[in-house]
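Visitor: Structure in structure tokens, see below.
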Amino acid sequence: MEIKGGGGFIMSNKATKSRLGIKELVNIGIFAAVYFVIFFIAASTGVVPIMTVLYPVLSAILAGIPMILFLAKVNKFGMLTLLCLLSGLINFAMGFGLQSIPVALLCGLVADLILKAGGYKSFRYMLFAYIVFSEWVVGTMLPMWIMTESYFEIARRTQGQEFVDQTLKLITGWMLPVVIILIAIGAAIGALIGKRVLLKHFKRAGIA
Amino acid sequence: MVKIDPRTKIFILIMINIVTFSTRGAVGDVYLKWVAAAIPIVLMLCDGKVRTALGFAVLYLVIQNIGLVYQYISISSLLGVLIGAVVGLVGGMGPSFMMAYYLITTTSVSLAIASMERLHLSQKIIIPFTVLFRFFPTIGEEYRSIKDAMRMRGITLRRGPIAILEYRLIPLMTSIVKIGEELSAAALTRGLDQGIRRTNMCEVRFSIFDVLFGGAASAVVVIYLLEFI
């Protein structure tokens with residue numbers, strides 16, 4: 001945009017109407033921060049073997065309130081994709097590998113499309129968008145299934161044979177679809193809690 | 001005082017992550033791990049953060065040697081598993097954590113924006129990213145204030161999980177959304193949405209130290225990768 005001057009101000013506003021403005025970008029940032037605090041609280045339960053696989057379910061339930069509030073605020077295409085890109089980048093910086101970025105982008109894009117189909121208003125579409133969004137975590141966990149041996153080599157040295165044996169018992173082939181379904185159920189529960197809170201508190205306070 | 005370019009800091013963080021987190025299992029790789037841990041500690045020392053650097057160094061040494069306690073307690077006992085988990089997390093993530101800490105504490109927001117602009121990243125990524133990192137401390141502050149306010153009203157967490165939602169998370173979300181609105185208003189008054197190239201006071205430039213530290217980090221990764229060929 002190379003528009004300057006008084007007239008340009010109106011024109012640039014028109015041009016940015018369907019595109020992401022500063023307000024949307026700031027909202028993405030703050031909700032990503034809240035989401036990550038909750039995500040890390042959930043992920044820290046991963047020291048228990050069963051939670052190593054199931055912590056995304058916990059995170060999907062806990063993050064329901066802030067994320068439904070965020071989805072209620074979303075009114076432009078691309079906001080969820082950007083949030084997912086941030087998630088993927090942070091996870092890469094934390095060392096979960098590059099594969100989490102494409103998976104996160106895919107989930108974000110599909111969730112964005114769902115929201116768009118619902119016209120950014122319908123709760124039913126928000127629920128499905130939140131479910132799809134929550135599945136991005138699967139990308140960080142994929143190495144467990146694709147590179148099982150080498151993945152647990154680290155854990156064997158650092159967390160002991162006991163931990164690895166118990167976790168390996170959980171990582172059989174059928175566990176991946178089970179985890180995906182459980183995340184979806186967790187996300188649905190989170191979204192329903194989020195909806196109740198949204199109606200009870202946030203709508204009343206005028207922030208949704 | 002030696003300061004390095006934020007871009008180099010990010011590069012070193014990624015390099016250290018490759019070594020400490022790789023699924024190929026370099027955590028057991030003794031000397032590379034020490035070099036990876038030494039880089040952030042030396043950087044902090046060079047930046048005048050002597051106490052933090054020494055604190056991290058001592059903590060890291062203790063955690064690396066905590067395996068000695070297994071002479072006295074069984075590795076499969078509850079205490080043994082707990083210690084193992086802590087060592088696994090803190091010991092494995094140690095170098096990355098120290099580097100991330102150094103990156104965040106020594107990079108001001110405008111410096112971070114300046115260097116991301118130099119990397120030709122889109123505003124759509126720069127703005128949420130900056131807000132994200134600016135917000136972690138804010139969330140902590142707000143949470144503590146809300147906790148204090150609720151304690152004055154006599155509401156503690158002993159009331160159960162619903163109370164946590166009603167009296168902690170919801171007020172927190174409300175105040176965070178408000179802060180976000182103020183933040184975007186502040187950004188608007190600074191003309192951040194005009195799509196015009198903004199000037200920045202911070203000078204972003206590579207120096208000889210960037211070459212030195214960046215080179216050291218790359219060397220660690222190269223040596224590490226060579227072991228697998």
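Residues are referred to by chain and number: the chain letter is A, B, ... according to the order shown in the structure tokens, the number counts from 1 in that chain, and ligands are numbered separately from 1 in the order shown.
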Enumerate as an MDAnalysis selection string all residues of stretch 20-135 of chain A assigned to helix (DSSP H, G or I) by DSSP on the backbone, naming them with the chain letters and numbers the document uses.
Guide: chainID A and resid 22:47 49:62 64:73 79:93 100:117 123:134
Visitor: Do a neighbour search on B:Leu183 at 12 Å with only C-alpha atoms, toss out local chain neighbours closer than 3 positions, and write the hits as a list in words.
Guide: Ile22, Lys23, Glu24, Leu25, Val26, Asn27, Gly29 and Ile30 of chain A; Ile127, Pro128, Thr130, Val131, Leu132, Arg134, Phe135, Thr138, Ile176, Val177, Lys178, Ile179, Gly180, Ala186, Ala187, Leu188, Thr189, Arg190 and Leu192 of chain B
Visitor: Measuring between only C-alpha atoms, which one of B:Arg118, B:Ile155, B:Thr174, B:Met201 shows the shortest distance to A:Arg204?
Guide: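 Checking each candidate against A:Arg204, we get B:Thr174 as the closest.
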Visitor: Return the single residue from B:Val222, B:Ala149, B:Leu111, B:Met93 that is closest to chain A, with distances computed using only C-alpha atoms.
Guide: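 Closest to chain A, using only C-alpha atoms: B:Met93.
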Visitor: Check the smallest atom-to-atom distance from each of A:Leu113, A:Ala42, A:Ala60, A:Met51 to A:Ile181 using only C-alpha atoms, then report the winner.
Guide: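 Result for the nearest residue to A:Ile181: A:Ala60.
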Visitor: Could you check the closest approach to chain A for each of B:Arg144, B:Arg151, B:His120, B:Arg197 and tell me which residue wins, using only C-alpha atoms?
Guide: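 The answer is B:Arg197, which sits nearest to chain A.
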Visitor: Atom CA of A:Val132 and atom CA of B:Ile18, how far apart in Å?
Guide: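 The value is 28.9 Å.
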Visitor: Need to verify the contact set: A:Tyr120, 7 Å, only C-alpha atoms, exclusion of same-chain residues closer than 2 positions in sequence. Can you return it as a ChimeraX atom specification?
Guide: /A:74-75,115-116,118,122
Visitor: Looking at B:Asn65, B:Ser96, B:Ser122, B:Ser207, which one is nearest to B:Gly195, with distances taken over only C-alpha atoms?
Guide: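 Answer, going by the shortest atom-to-atom distance: B:Ser122.
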